[in-house]
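Source file: query23.txt (compact mmCIF, C-alpha atoms)
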```txt
# COMPACT_ATOMS: atom_id res chain seq x y z
CA MET F 1 129.40 100.10 111.16
CA ASP F 2 130.47 99.29 107.63
CA ARG F 3 129.94 102.67 106.04
CA ARG F 4 130.29 101.46 102.48
CA LYS F 5 127.72 98.74 103.02
CA ALA F 6 125.35 101.21 104.64
CA LEU F 7 125.67 103.58 101.68
CA MET F 8 125.06 100.73 99.27
CA GLN F 9 121.88 99.81 101.09
CA ILE F 10 120.68 103.39 100.98
CA GLY F 11 121.44 103.42 97.26
CA MET F 12 119.49 100.25 96.74
CA SER F 13 116.46 101.50 98.58
CA MET F 14 116.63 104.72 96.58
CA GLY F 15 116.85 102.59 93.47
CA TYR F 16 113.58 100.95 94.36
CA VAL F 17 111.90 104.30 94.63
CA VAL F 18 113.40 105.70 91.46
CA ALA F 19 112.81 102.54 89.47
CA ALA F 20 109.10 102.25 90.15
CA PRO F 21 107.86 105.19 88.07
CA THR F 22 110.11 104.09 85.21
CA PHE F 23 108.72 100.57 85.34
CA MET F 24 105.20 101.89 85.38
CA SER F 25 105.70 104.26 82.48
CA VAL F 26 106.91 101.35 80.36
CA LEU F 27 103.96 99.23 81.40
CA GLN F 28 101.43 101.94 80.77
CA SER F 29 102.49 102.23 77.17
CA CYS F 30 100.78 98.87 76.64
CA THR F 31 97.36 99.84 77.92
CA ASP F 32 95.64 97.07 75.96
CA THR F 33 96.88 94.50 78.45
CA LYS F 34 93.75 92.71 79.58
CA ALA F 35 93.90 90.57 82.66
CA ALA F 36 92.78 87.55 80.69
CA ALA F 37 95.38 88.01 77.99
CA TRP F 38 98.16 88.75 80.42
CA ALA F 39 101.03 86.26 80.46
CA PRO F 40 103.12 86.76 83.59
CA GLN F 41 106.90 86.69 83.22
CA PHE F 42 107.77 85.57 86.71
CA LEU F 43 104.62 83.99 88.13
CA ASP F 44 102.73 81.13 86.54
CA GLN F 45 99.26 81.74 85.11
CA ASP F 46 97.45 80.58 88.27
CA GLN F 47 99.59 82.75 90.53
CA GLY F 48 98.89 85.64 88.15
CA THR F 49 95.15 85.10 88.52
CA VAL F 50 95.44 85.10 92.30
CA LEU F 51 97.63 88.20 92.21
CA ILE F 52 94.96 90.12 90.29
CA GLY F 53 92.40 89.04 92.89
CA VAL F 54 94.70 90.07 95.71
CA ILE F 55 95.49 93.55 94.41
CA ASP F 56 91.86 94.24 93.52
CA SER F 57 90.75 93.18 96.99
CA ILE F 58 93.31 95.59 98.46
CA LEU F 59 92.43 98.46 96.08
CA PRO F 60 89.06 97.74 94.41
CA LYS F 61 87.32 99.83 91.79
CA THR F 62 85.49 102.72 93.38
CA ASP F 63 85.05 106.13 91.80
CA THR F 64 88.69 105.60 90.83
CA LEU F 65 90.22 102.69 88.92
CA SER F 66 91.14 99.44 90.64
CA ALA F 67 94.73 98.25 91.07
CA SER F 68 94.51 95.80 88.16
CA GLU F 69 92.96 98.41 85.88
CA VAL F 70 96.19 100.38 86.13
CA ASN F 71 98.34 97.24 85.68
CA VAL F 72 99.72 96.98 89.20
CA HIS F 73 99.83 93.17 88.76
CA VAL F 74 102.00 93.53 85.66
CA PHE F 75 104.30 95.83 87.61
CA LEU F 76 104.54 93.49 90.61
CA ASP F 77 105.29 90.52 88.36
CA SER F 78 108.15 92.28 86.59
CA PHE F 79 109.33 93.87 89.84
CA ALA F 80 109.56 90.42 91.42
CA ASN F 81 111.39 89.16 88.35
CA GLU F 82 113.95 91.92 88.11
CA VAL F 83 114.38 93.45 91.56
CA MET F 84 113.35 91.13 94.41
CA PRO F 85 116.02 89.04 96.12
CA PRO F 86 115.48 85.26 95.89
CA ASN F 87 114.04 84.85 99.40
CA GLN F 88 111.35 87.45 98.68
CA GLN F 89 110.61 85.88 95.31
CA ASP F 90 109.99 82.56 97.05
CA GLN F 91 107.80 84.15 99.72
CA PHE F 92 105.83 86.02 97.07
CA LYS F 93 105.00 82.84 95.15
CA ALA F 94 104.34 80.77 98.28
CA THR F 95 101.93 83.38 99.61
CA LEU F 96 99.94 83.45 96.35
CA ASP F 97 99.84 79.63 96.30
CA GLN F 98 98.55 79.47 99.87
CA LEU F 99 95.92 82.16 99.20
CA ALA F 100 94.76 80.10 96.21
CA VAL F 101 94.39 76.97 98.36
CA ASN F 102 92.48 78.90 101.03
CA ALA F 103 90.20 80.64 98.51
CA LEU F 104 89.38 77.39 96.67
CA GLU F 105 88.43 75.78 99.94
CA SER F 106 86.19 78.58 101.16
CA SER F 107 84.59 79.29 97.77
CA LYS F 108 84.08 75.56 96.93
CA LYS F 109 85.41 76.25 93.45
CA GLU F 110 87.60 73.74 91.65
CA ASN F 111 89.78 75.85 89.41
CA ILE F 112 92.05 78.70 90.33
CA SER F 113 91.17 80.38 87.03
CA ASP F 114 87.58 80.75 88.31
CA LEU F 115 88.61 82.60 91.46
CA THR F 116 87.64 86.25 91.66
CA ALA F 117 88.62 89.13 93.92
CA LYS F 118 85.49 88.38 95.96
CA ASP F 119 86.73 84.86 96.67
CA ILE F 120 90.24 86.01 97.50
CA ALA F 121 89.44 89.13 99.56
CA PRO F 122 88.38 87.31 102.76
CA GLU F 123 91.47 85.10 102.61
CA MET F 124 93.77 88.07 102.06
CA LEU F 125 92.12 89.86 104.99
CA LYS F 126 92.75 86.84 107.24
CA ALA F 127 96.35 86.71 106.09
CA LEU F 128 96.80 90.37 107.02
CA ILE F 129 94.96 90.34 110.32
CA HIS F 130 95.88 86.99 111.90
CA LYS F 131 99.38 87.07 113.25
CA LYS F 132 99.66 83.32 113.07
CA ALA F 133 98.23 82.90 109.55
CA LYS F 134 100.21 80.08 108.01
CA GLY F 135 101.98 80.04 104.66
CA VAL F 136 101.39 83.73 103.84
CA PRO F 137 104.65 85.42 104.92
CA PHE F 138 104.48 87.98 102.12
CA ALA F 139 100.92 89.23 102.70
CA LYS F 140 101.80 92.54 104.38
CA LYS F 141 104.64 93.24 101.97
CA LEU F 142 102.30 92.48 99.09
CA ARG F 143 99.80 95.01 100.38
CA ASP F 144 102.55 97.63 100.75
CA LEU F 145 103.88 96.95 97.25
CA THR F 146 100.38 97.15 95.82
CA ILE F 147 99.80 100.55 97.40
CA TRP F 148 103.22 101.72 96.28
CA GLY F 149 102.74 100.46 92.72
CA TYR F 150 99.27 102.02 92.54
CA LYS F 151 100.50 105.41 93.73
CA CYS F 152 103.36 105.31 91.22
CA THR F 153 101.05 105.07 88.21
CA GLU F 154 100.63 108.00 85.89
CA TYR F 155 96.86 107.78 86.34
CA VAL F 156 96.95 108.05 90.15
CA GLY F 157 99.88 110.45 90.11
CA GLU F 158 98.33 112.92 87.69
CA GLN F 159 94.59 112.40 87.81
CA VAL F 160 93.78 111.19 91.30
CA LEU F 161 96.31 112.81 93.63
CA ALA F 162 97.08 116.52 93.71
CA TYR F 163 99.53 117.04 90.85
CA ASP F 164 101.65 120.00 89.88
CA SER F 165 103.73 119.45 86.76
CA ILE F 166 106.11 122.24 87.76
CA PRO F 167 106.31 122.13 91.55
CA GLY F 168 108.15 124.71 93.58
CA GLN F 169 105.67 127.21 94.93
CA TRP F 170 105.88 127.41 98.70
CA ILE F 171 102.74 128.22 100.60
CA ALA F 172 103.66 128.10 104.26
CA CYS F 173 100.18 128.05 105.65
CA GLY F 174 97.00 127.26 103.74
CA ASP F 175 93.81 125.26 103.92
CA LEU F 176 94.35 121.76 102.56
CA ASP F 177 90.87 121.59 101.05
CA GLU F 178 91.50 124.80 99.14
CA LEU F 179 95.04 123.88 98.07
CA THR F 180 94.57 120.29 96.92
CA GLY F 181 90.93 119.45 97.47
CA GLY F 182 91.95 117.51 100.57
CA LYS F 183 94.17 115.13 98.62
CA ALA F 184 97.76 114.14 99.26
CA TRP F 185 100.40 115.38 96.86
CA SER F 186 101.52 113.13 94.05
CA ILE F 187 105.01 111.69 94.69
CA MET O 188 92.21 96.80 102.76
CA GLY O 189 89.40 97.63 100.35
CA ALA O 190 87.65 100.89 99.51
CA GLU O 191 88.43 102.39 102.91
CA LEU O 192 92.16 101.78 102.57
CA LYS O 193 92.07 103.19 99.05
CA GLU O 194 90.51 106.40 100.28
CA ALA O 195 92.97 106.64 103.16
CA ILE O 196 96.13 106.28 101.04
CA LEU O 197 95.07 109.15 98.83
CA LYS O 198 94.76 111.57 101.74
CA PRO O 199 97.68 113.19 103.52
CA GLY O 200 98.64 111.61 106.82
CA GLY O 201 99.83 113.21 110.03
CA TRP O 202 103.09 115.10 110.00
CA THR O 203 105.85 116.12 112.35
CA MET O 204 108.95 118.23 112.14
CA GLY O 205 112.19 118.10 114.07
CA VAL O 206 115.00 120.42 115.05
CA GLY O 207 118.52 119.20 115.78
CA GLY O 208 121.45 121.16 117.11
CA PHE O 209 125.14 121.12 116.20
CA GLY O 210 127.81 122.52 118.49
CA GLU O 211 131.54 122.84 118.68
CA ILE O 212 133.62 120.34 120.64
CA LEU O 213 136.47 122.34 122.16
CA PRO O 214 140.04 121.37 121.19
CA TYR O 215 141.24 119.88 124.48
CA GLN O 216 144.99 119.76 124.50
CA ASP O 217 145.23 116.42 126.27
CA ASN O 218 143.15 114.63 123.63
CA ARG O 219 145.39 112.02 122.01
CA MET O 220 145.61 109.86 118.93
CA THR O 221 148.13 107.03 119.16
CA LEU O 222 149.25 104.20 116.92
CA ASP O 223 148.71 100.67 118.17
CA TYR O 224 151.49 98.42 116.88
CA ASP O 225 150.03 95.41 118.68
CA ASN O 226 146.87 95.56 116.57
CA LEU O 227 147.65 95.83 112.86
CA ASP O 228 145.13 96.44 110.08
CA GLY O 229 144.67 94.34 106.95
CA TRP O 230 147.73 95.91 105.35
CA GLY O 231 150.02 95.31 108.31
CA LEU O 232 149.90 98.94 109.44
CA PRO O 233 149.26 99.97 113.05
CA THR O 234 145.65 100.79 113.91
CA VAL O 235 144.68 104.12 115.39
CA THR O 236 143.51 104.62 118.96
CA PHE O 237 141.68 107.83 119.84
CA ASP O 238 141.60 109.01 123.43
CA ALA O 239 139.06 111.84 123.57
CA GLU O 240 135.69 112.55 125.12
CA ILE O 241 133.12 115.30 125.37
CA ARG O 242 133.35 117.31 128.56
CA ASP O 243 131.56 119.80 130.74
CA ASN O 244 131.26 122.54 128.11
CA GLU O 245 129.80 120.15 125.55
CA PHE O 246 127.34 118.63 128.03
CA LYS O 247 126.11 122.08 129.05
CA MET O 248 125.85 123.14 125.41
CA ARG O 249 123.73 120.09 124.65
CA GLU O 250 121.35 120.93 127.50
CA ASP O 251 121.05 124.47 126.19
CA ILE O 252 120.41 123.27 122.64
CA VAL O 253 117.41 121.30 123.92
CA VAL O 254 116.00 124.33 125.75
CA GLN O 255 116.59 126.73 122.85
CA ALA O 256 115.17 124.38 120.21
CA ALA O 257 112.01 123.79 122.21
CA GLU O 258 111.59 127.52 122.73
CA MET O 259 112.04 128.24 119.01
CA LEU O 260 109.42 125.64 118.11
CA LYS O 261 107.03 126.97 120.73
CA LYS O 262 107.38 130.55 119.51
CA ALA O 263 106.87 129.34 115.94
CA GLY O 264 103.50 127.95 117.00
CA ALA O 265 104.33 124.24 117.24
CA ARG O 266 102.36 122.00 119.61
CA ASP O 267 103.07 118.66 121.33
CA ILE O 268 106.79 119.42 121.54
CA ASN O 269 108.97 116.56 122.75
CA THR O 270 112.66 117.00 123.46
CA HIS O 271 115.45 114.51 123.94
CA ASN O 272 119.17 114.58 124.54
CA SER O 273 120.60 111.35 123.20
CA SER O 274 124.06 110.06 124.05
CA TYR O 275 127.09 110.98 122.02
CA ASN O 276 130.27 109.16 121.05
CA ILE O 277 133.29 110.85 119.55
CA GLY O 278 133.01 110.21 115.82
CA HIS O 279 129.20 110.31 115.69
CA GLY O 280 129.16 113.77 114.21
CA ILE O 281 131.46 112.68 111.33
CA HIS O 282 132.99 116.18 111.33
CA GLU O 283 135.60 115.50 113.98
CA MET O 284 138.82 117.47 113.58
CA GLY O 285 142.34 117.29 114.84
CA THR O 286 145.25 114.85 115.37
CA ALA O 287 147.63 116.76 113.04
CA ARG O 288 147.02 120.35 113.92
CA MET O 289 148.38 123.38 112.13
CA GLY O 290 150.81 125.75 113.87
CA ARG O 291 154.05 127.69 113.62
CA ASP O 292 156.04 125.65 116.14
CA PRO O 293 157.05 122.11 115.07
CA LYS O 294 157.21 121.17 118.75
CA THR O 295 153.51 121.79 119.31
CA SER O 296 152.04 121.20 115.85
CA VAL O 297 152.32 118.76 112.96
CA LEU O 298 151.55 120.99 109.95
CA ASN O 299 152.65 124.48 108.99
CA GLY O 300 150.37 127.21 107.64
CA HIS O 301 150.22 125.54 104.21
CA ASN O 302 149.02 122.12 105.48
CA GLN O 303 152.59 120.90 104.91
CA VAL O 304 154.18 118.52 107.45
CA HIS O 305 156.88 120.45 109.36
CA GLU O 306 159.31 117.55 109.36
CA VAL O 307 158.45 116.05 105.94
CA PRO O 308 158.03 118.94 103.45
CA ASN O 309 156.81 116.81 100.55
CA VAL O 310 153.74 115.64 102.52
CA TYR O 311 150.59 117.76 102.75
CA VAL O 312 147.58 116.81 104.90
CA THR O 313 144.37 118.49 103.78
CA ASP O 314 141.52 116.64 105.51
CA GLY O 315 140.04 117.69 108.86
CA ALA O 316 143.18 116.64 110.76
CA PHE O 317 144.77 120.10 110.52
CA MET O 318 141.90 121.89 112.26
CA ALA O 319 141.82 121.39 116.01
CA SER O 320 138.12 122.25 116.07
CA SER O 321 135.43 123.70 113.84
CA SER O 322 132.35 125.80 114.23
CA CYS O 323 128.96 124.11 114.10
CA VAL O 324 128.66 124.20 110.30
CA ASN O 325 129.66 121.58 107.77
CA PRO O 326 133.45 121.88 107.28
CA SER O 327 133.73 120.22 103.85
CA LEU O 328 133.93 123.46 101.87
CA THR O 329 136.66 124.69 104.21
CA TYR O 330 138.62 121.48 103.55
CA MET O 331 138.27 122.06 99.82
CA ALA O 332 139.48 125.64 100.10
CA PHE O 333 142.47 124.62 102.20
CA SER O 334 143.21 121.73 99.81
CA ALA O 335 143.24 124.10 96.83
CA ARG O 336 145.48 126.48 98.73
CA ALA O 337 147.83 123.64 99.77
CA ALA O 338 147.97 122.27 96.22
CA ASN O 339 148.84 125.73 94.91
CA HIS O 340 151.62 125.99 97.49
CA ALA O 341 152.94 122.55 96.58
CA VAL O 342 153.10 123.48 92.88
CA GLU O 343 154.99 126.68 93.66
CA GLU O 344 157.42 124.85 95.93
CA LEU O 345 157.96 122.22 93.23
CA LYS O 346 158.73 124.94 90.66
CA LYS O 347 161.25 126.47 93.03
CA GLY O 348 162.83 123.05 93.57
CA ASN O 349 162.16 123.13 97.31
CA ILE O 350 160.32 119.79 97.36
```
For the file at hand, write its structure as structure tokens.
Amino acid sequence: MDRRKALMQIGMSMGYVVAAPTFMSVLQSCTDTKAAAWAPQFLDQDQGTVLIGVIDSILPKTDTLSASEVNVHVFLDSFANEVMPPNQQDQFKATLDQLAVNALESSKKENISDLTAKDIAPEMLKALIHKKAKGVPFAKKLRDLTIWGYKCTEYVGEQVLAYDSIPGQWIACGDLDELTGGKAWSI
Amino acid sequence: MGAELKEAILKPGGWTMGVGGFGEILPYQDNRMTLDYDNLDGWGLPTVTFDAEIRDNEFKMREDIVVQAAEMLKKAGARDINTHNSSYNIGHGIHEMGTARMGRDPKTSVLNGHNQVHEVPNVYVTDGAFMASSSCVNPSLTYMAFSARAANHAVEELKKGNI
């Protein structure tokens, strides 16, 4: 095995992990970003609209904020622009385009800008579940990235998940409900 | 996807833990490292051929590691314990030693007690080559200590004009 190459790949994957919180902290400083006013850097406006629908169908608003409310779409757009290799960039765009076509057809709407998460959710679900779904090669990766981006936000990291600003205490055996309220630890 | 997924990702998932064992490979005297002049590397230098393998002692040690590890986990209260004994190739452990061992007699060793080549006094070898074997712990700090010691010796020999 090419040891140097292997180390480089490890470094790159670590880079992904380290870079995400940094990206998010930059994005969160502009909290006024409204979906409507958002101008994607990498995607076009229609793809951006679909992306918001996709991420909110994956992680909708419940008693906690939705994915778009914490700017996961802004993160994914700049992540695609700055980090993704070209083949993933292409798959990302192609998948959003195909989801738009599918959602327009099933919702009988004419404009992509009118599509909502409700229109896109069933199409995203099909893309994830059907092994032979055509034209959506990035669907699973998109779901993973959405979850990852969401969990990397300051809001989820500090207010939703169990958070300890100065970690280090070691409790070998304890009840999870007592220790964290049943939640996972923040990354 | 949806609300259910969102709830699931915020809860801790299942977890496992593993135990692995390290053991010493004995320094078998008939292990060999030879230079292959028929196969040169990118710089025109001969490539290295290693002729070594793990033997009875190592195989038995591996079997024992499996038994001991499982017993430790069991006594620590672990459940659903699975054990495995995967195959091993020389070099897998990354901490392999030998090929230029240290010794007093130039006929049976390559380096003297200061990591200095018996026959070529201005060459010092301070990687794992000088140790014919090591215990089951990471040897890097030992290399560093021997390197510092060898460098100190080289400086003293230089000052004396011996090298």
Pull out every residue of chain O that has at least one atom within 6 Å of chain F, counting only C-alpha atoms, and report them as a ChimeraX atom specification.
/O:188-189,193,197-199
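Note that the spacing between atom CA of Gln91 of chain F and atom CA of Gly157 of chain F amounts to 29.1 Å.
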As a ChimeraX atom specification, please: the residues near Pro122 of chain F (cut-off 12 Å, only C-alpha atoms, same-chain neighbours under 2 positions excluded).
/F:53-54,57-58,99-100,102-107,116-120,124-130 /O:188-189
Give me the residues within 7 Å of segment 329-341 of chain O as a ChimeraX atom specification, counting all atoms listed in the file and dropping any in the same chain fewer than 3 places off.
/O:301-302,313-315,326,344-345
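Note that the spacing between atom CA of Leu222 of chain O and atom CA of Thr234 of chain O amounts to 5.8 Å.
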At a cut-off of 8 Å, using all atoms listed in the file, what residues contact Val235 of chain O? Leave out same-chain residues fewer than 2 positions from it and give the result as number ranges by chain.
O: 220-223, 233, 237
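Using only C-alpha atoms, the smallest distance between any of O:Val254, O:Phe246, O:Gly200, O:Arg219 and Tyr275 of chain O comes from O:Phe246.
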